[in-house]
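Colleague: Once you've had a glance at the structure underneath, I'll fire off some questions.
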Amino acid sequence: MFYYSSRNKNIKTSSSDAILRGIAPDGGLYLPENFDEAKVCLEKIIEMTSNEISAEILSKFFTDFSYDEIKDIVNSAYNGTFKAQDLAPLSKVGDKFVLELYHGPTCAFKDVALSVLPRLITAAKKKKGITEETVILTATSGDTGSAAAHGFSDVPGTKIIVFYPAHGTSAVQEKQMTACPGKNVFVSSVDGNFDDAQSGVKKIFAECKMPEGTALSSANSINIGRLVPQIAYYFTAYRDLVKAGEIKLYDKVDFVVPTGNFGDILAGYFAEKIGLPVGKLVCASNENKVLTEFFETGRYNKLRKFKITRSPSMDILISSNLERLISLTYGTDKNAEYMKTLFEKGEYTIPENELSALTDKFAAGCCNDEQTLDTIGKVFREHNYLMDTHTAVAWNVSEKLASTENKTVILSTASPYKFSGSVLKALGKAVSGNEFEMIKTLHELTEAPIPESLADLDKAENLHNDKIAKEDMQDYVLSRAEAK
Ligand SMILES: *Cc1c(COP(=O)(O)O)cnc(C)c1O
């Protein structure tokens, strides 16, 4: 399988190169050239374990690697790190199904892909005979940094450096980072806000000359190596529905996805392209509803006020991965034009008569914080099922856009205990104490099981205590890159 730039069909490369580069030389995102080469046999897939499904799909997309190499990557990524019987258990809640993607080390769905990507990078380097050490550098407001630190922890040939704003993350997120084990993990707070940390990282990528034998890289969500591992759980959900007798093989299923950067939902689109029977893919947004407006009107407009919501991992105005869908639907040339317009004017518009090419498959809706909390409370009262704020956005939207003919699967992207304060408020409980106390209060109130990694987190030892000024980020990177 070859990969081409979403902005230019002639810029092509191999799968291992696409993984190592992350972004195409013209600024586009890599797309697989031929989905038919990755077609799976549905009858066979539904008889597989989730690890086997992941290996099957990854090996069809990343053909530089043998099936056995991929199998080893999947097993070392998931065995022992995901605390569920299966990668992503499917729960029946009322007449809907909730796909729990949060049983990994940091209790959010980014673990699924960030457990695999580091191992793909190491394997790709080996393929290409690259011996340099890969130094992954990331600035985080919480979720991505902790998932990346855990994903890269002790992966040979890599180091991971995470910068987070000193007062910009939740206490749980901070602890997940500072307690992350691994000889190759370096975590430091930066005296400033998220933008300071982010600009510092951008500057280092642009200017910093790395020590010999090391090379900088990023783990951001546009890497094709982060997208493809997410396809698997759409199939495990389908398998589980068939096995439970809820659907017949080849029946279509709707998926409702809480969306930020459009990576998770795009993986569902890729799943359909390789043979999954999908009805609608429903894109659910919070009050930062750029995508809802886009699918309704064709106009993508990022020039608006950024809102901080109770589903912070979806507080995004530029959904990078949408570019891949635009390119697949309208072609690379048109996509290149739209992206140029977006960059120059902050918006672009798909003509109304061309929009059905997208809305045949995608629907979109949004809800505000109040509706999000109401949904958590209602679902808990009616079904005794507890969900987090991101999942609740999807649940709320699924009720507005429910189709009657297909079964609905809601993707649940975080443990409710990661957002205990909001969830307690949703249940009508006064919010007091620190976040770790709130976890206990929420447990006493609901009796929902606390994920192992959160239960004892407050007692975990701080392994990283670095605190630096924003001016010192580059020195920090250089010294950690040189450390043996
Ligand atoms: C990152 C994230 C999302 C958004 O996923 P995208 O792939 O960026 O659309 C939703 N929920 C949670 C909890 C997340 O961490």
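Residues are referred to by chain and number: the chain letter is A, B, ... according to the order shown in the structure tokens, the number counts from 1 in that chain, and ligands are numbered separately from 1 in the order shown.
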Sort by chain and increasing residue number a table of all residues of chain A within 8 Å of ligand 1, each with its closest pair of atoms and their distance in Å to one decimal, counting only C-alpha atoms and all ligand atoms, and write it as JSON lines.
Modeller:
{"residue": "A:Ala108", "atom": "CA", "partner": "ligand 1", "partner_atom_place_in_ligand_line": "13 (C)", "distance": 5.4}
{"residue": "A:Phe109", "atom": "CA", "partner": "ligand 1", "partner_atom_place_in_ligand_line": "15 (O)", "distance": 6.0}
{"residue": "A:Lys110", "atom": "CA", "partner": "ligand 1", "partner_atom_place_in_ligand_line": "15 (O)", "distance": 5.9}
{"residue": "A:Asp143", "atom": "CA", "partner": "ligand 1", "partner_atom_place_in_ligand_line": "15 (O)", "distance": 5.7}
{"residue": "A:Thr144", "atom": "CA", "partner": "ligand 1", "partner_atom_place_in_ligand_line": "15 (O)", "distance": 7.1}
{"residue": "A:Ser221", "atom": "CA", "partner": "ligand 1", "partner_atom_place_in_ligand_line": "8 (O)", "distance": 7.3}
{"residue": "A:Val257", "atom": "CA", "partner": "ligand 1", "partner_atom_place_in_ligand_line": "9 (O)", "distance": 7.7}
{"residue": "A:Pro258", "atom": "CA", "partner": "ligand 1", "partner_atom_place_in_ligand_line": "10 (C)", "distance": 5.3}
{"residue": "A:Thr259", "atom": "CA", "partner": "ligand 1", "partner_atom_place_in_ligand_line": "9 (O)", "distance": 3.6}
{"residue": "A:Gly260", "atom": "CA", "partner": "ligand 1", "partner_atom_place_in_ligand_line": "9 (O)", "distance": 3.6}
{"residue": "A:Asn261", "atom": "CA", "partner": "ligand 1", "partner_atom_place_in_ligand_line": "8 (O)", "distance": 3.4}
{"residue": "A:Phe262", "atom": "CA", "partner": "ligand 1", "partner_atom_place_in_ligand_line": "9 (O)", "distance": 3.7}
{"residue": "A:Gly263", "atom": "CA", "partner": "ligand 1", "partner_atom_place_in_ligand_line": "7 (O)", "distance": 3.5}
{"residue": "A:Asp264", "atom": "CA", "partner": "ligand 1", "partner_atom_place_in_ligand_line": "7 (O)", "distance": 3.8}
{"residue": "A:Ile265", "atom": "CA", "partner": "ligand 1", "partner_atom_place_in_ligand_line": "9 (O)", "distance": 6.4}
{"residue": "A:Leu266", "atom": "CA", "partner": "ligand 1", "partner_atom_place_in_ligand_line": "7 (O)", "distance": 7.9}
{"residue": "A:Ser311", "atom": "CA", "partner": "ligand 1", "partner_atom_place_in_ligand_line": "11 (N)", "distance": 7.4}
{"residue": "A:Pro312", "atom": "CA", "partner": "ligand 1", "partner_atom_place_in_ligand_line": "12 (C)", "distance": 7.9}
{"residue": "A:Ser313", "atom": "CA", "partner": "ligand 1", "partner_atom_place_in_ligand_line": "14 (C)", "distance": 4.7}
{"residue": "A:Met314", "atom": "CA", "partner": "ligand 1", "partner_atom_place_in_ligand_line": "4 (C)", "distance": 5.3}
{"residue": "A:Ser319", "atom": "CA", "partner": "ligand 1", "partner_atom_place_in_ligand_line": "8 (O)", "distance": 7.4}
{"residue": "A:His390", "atom": "CA", "partner": "ligand 1", "partner_atom_place_in_ligand_line": "11 (N)", "distance": 5.3}
{"residue": "A:Thr391", "atom": "CA", "partner": "ligand 1", "partner_atom_place_in_ligand_line": "11 (N)", "distance": 7.3}
{"residue": "A:Ser412", "atom": "CA", "partner": "ligand 1", "partner_atom_place_in_ligand_line": "11 (N)", "distance": 7.6}
{"residue": "A:Thr413", "atom": "CA", "partner": "ligand 1", "partner_atom_place_in_ligand_line": "13 (C)", "distance": 4.5}
{"residue": "A:Ala414", "atom": "CA", "partner": "ligand 1", "partner_atom_place_in_ligand_line": "13 (C)", "distance": 4.5}
Colleague: May I have all residues of segment 216-337 of chain A that DSSP, computed from the backbone, assigns to strand (DSSP E), given as a PyMOL selection string?
Modeller: chain A and resi 216-217+253-258+278-285+299-301
Colleague: Excluding Asn193 of chain A and residues on its chain fewer than 6 positions from it, collect all residues at most 9 Å away from it, counting only C-alpha atoms, and give them as a VMD selection string.
Modeller: chain A and resid 141 164 to 168
Colleague: I'd like the neighbourhood of Tyr417 of chain A as JSON, numbers by chain, where a residue qualifies if any of its atoms comes within 8 Å (using only C-alpha atoms), though same-chain residues fewer than 6 positions away should be ignored.
Modeller: {"A": [388, 423, 439, 442, 450, 451, 454]}
Colleague: Limited to N, CA, C and O atoms, could you put the picked residues into a file as a CSV table (one decimal), in the first residue's frame?
Modeller:
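Produced file result-v3.csv, reproduced below:
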chain,number,residue,atom,x,y,z
A,388,ASP,N,-19.1,9.8,30.9
A,388,ASP,CA,-18.3,11.1,31.0
A,388,ASP,C,-19.0,12.2,30.1
A,388,ASP,O,-19.9,11.9,29.4
A,423,VAL,N,-19.3,15.3,36.4
A,423,VAL,CA,-20.2,14.2,36.5
A,423,VAL,C,-21.0,14.3,37.8
A,423,VAL,O,-22.2,14.1,37.9
A,439,ILE,N,-13.3,11.6,43.1
A,439,ILE,CA,-13.4,10.3,42.5
A,439,ILE,C,-14.1,9.4,43.5
A,439,ILE,O,-15.0,8.6,43.2
A,442,LEU,N,-17.8,10.2,43.9
A,442,LEU,CA,-18.6,9.7,42.8
A,442,LEU,C,-18.8,8.2,42.9
A,442,LEU,O,-19.8,7.6,42.6
A,450,ILE,N,-14.2,2.0,39.8
A,450,ILE,CA,-13.2,3.0,39.4
A,450,ILE,C,-12.1,2.3,38.7
A,450,ILE,O,-11.6,1.2,39.1
A,451,PRO,N,-11.6,2.8,37.5
A,451,PRO,CA,-10.5,2.2,36.8
A,451,PRO,C,-9.3,2.1,37.7
A,451,PRO,O,-9.0,3.0,38.5
A,454,LEU,N,-6.8,4.8,38.1
A,454,LEU,CA,-7.2,6.1,38.8
A,454,LEU,C,-7.4,5.9,40.3
A,454,LEU,O,-7.3,6.8,41.1
Colleague: Contacts of Asn220 of chain A at 10 Å or less, counting only C-alpha atoms, minus same-chain residues fewer than 5 places along, as a list of chain:residue names?
Modeller: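 Close residues of Asn220 of chain A: A:Gly22, A:Ile23, A:Leu114, A:Ile136, A:Leu137, A:Thr138, A:Ala139, A:Thr144, A:Gly145, A:Ala148, A:Gly225, A:Arg226.
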Colleague: Can you tell me which residues surround segment 443-445 of chain A at a distance of at most 10 Å, considering only C-alpha atoms, apart from same-chain residues fewer than 4 positions away, and format the answer as a PyMOL selection string?
Modeller: chain A and resi 417+420+424+427+429+437-439+449-450
Colleague: Got time to write the residues from that selection, N, CA and C atoms, as a tab-separated table (two decimals), in the first residue's frame?
Modeller:
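Resulting contents of out.tsv:
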chain	number	residue	atom	x	y	z
A	417	TYR	N	-14.75	8.87	35.58
A	417	TYR	CA	-13.92	9.28	36.71
A	417	TYR	C	-12.82	10.27	36.30
A	420	SER	N	-14.68	13.73	37.11
A	420	SER	CA	-15.55	13.49	38.26
A	420	SER	C	-16.33	14.73	38.68
A	424	LEU	N	-20.27	14.62	38.92
A	424	LEU	CA	-20.96	14.81	40.20
A	424	LEU	C	-22.01	15.90	40.10
A	427	LEU	N	-25.07	14.80	38.54
A	427	LEU	CA	-25.92	13.95	39.37
A	427	LEU	C	-26.55	14.73	40.51
A	429	LYS	N	-25.00	16.56	42.77
A	429	LYS	CA	-24.23	16.50	44.01
A	429	LYS	C	-23.37	17.76	44.11
A	437	GLU	N	-10.57	13.31	45.83
A	437	GLU	CA	-11.70	13.08	46.73
A	437	GLU	C	-13.01	12.95	45.94
A	438	MET	N	-13.09	13.72	44.87
A	438	MET	CA	-14.31	13.64	44.05
A	438	MET	C	-14.48	12.25	43.44
A	439	ILE	N	-13.35	11.64	43.07
A	439	ILE	CA	-13.42	10.27	42.52
A	439	ILE	C	-14.07	9.35	43.54
A	449	PRO	N	-17.55	1.01	38.96
A	449	PRO	CA	-16.16	0.66	39.28
A	449	PRO	C	-15.17	1.76	38.88
A	450	ILE	N	-14.21	2.02	39.76
A	450	ILE	CA	-13.16	3.00	39.43
A	450	ILE	C	-12.07	2.27	38.66
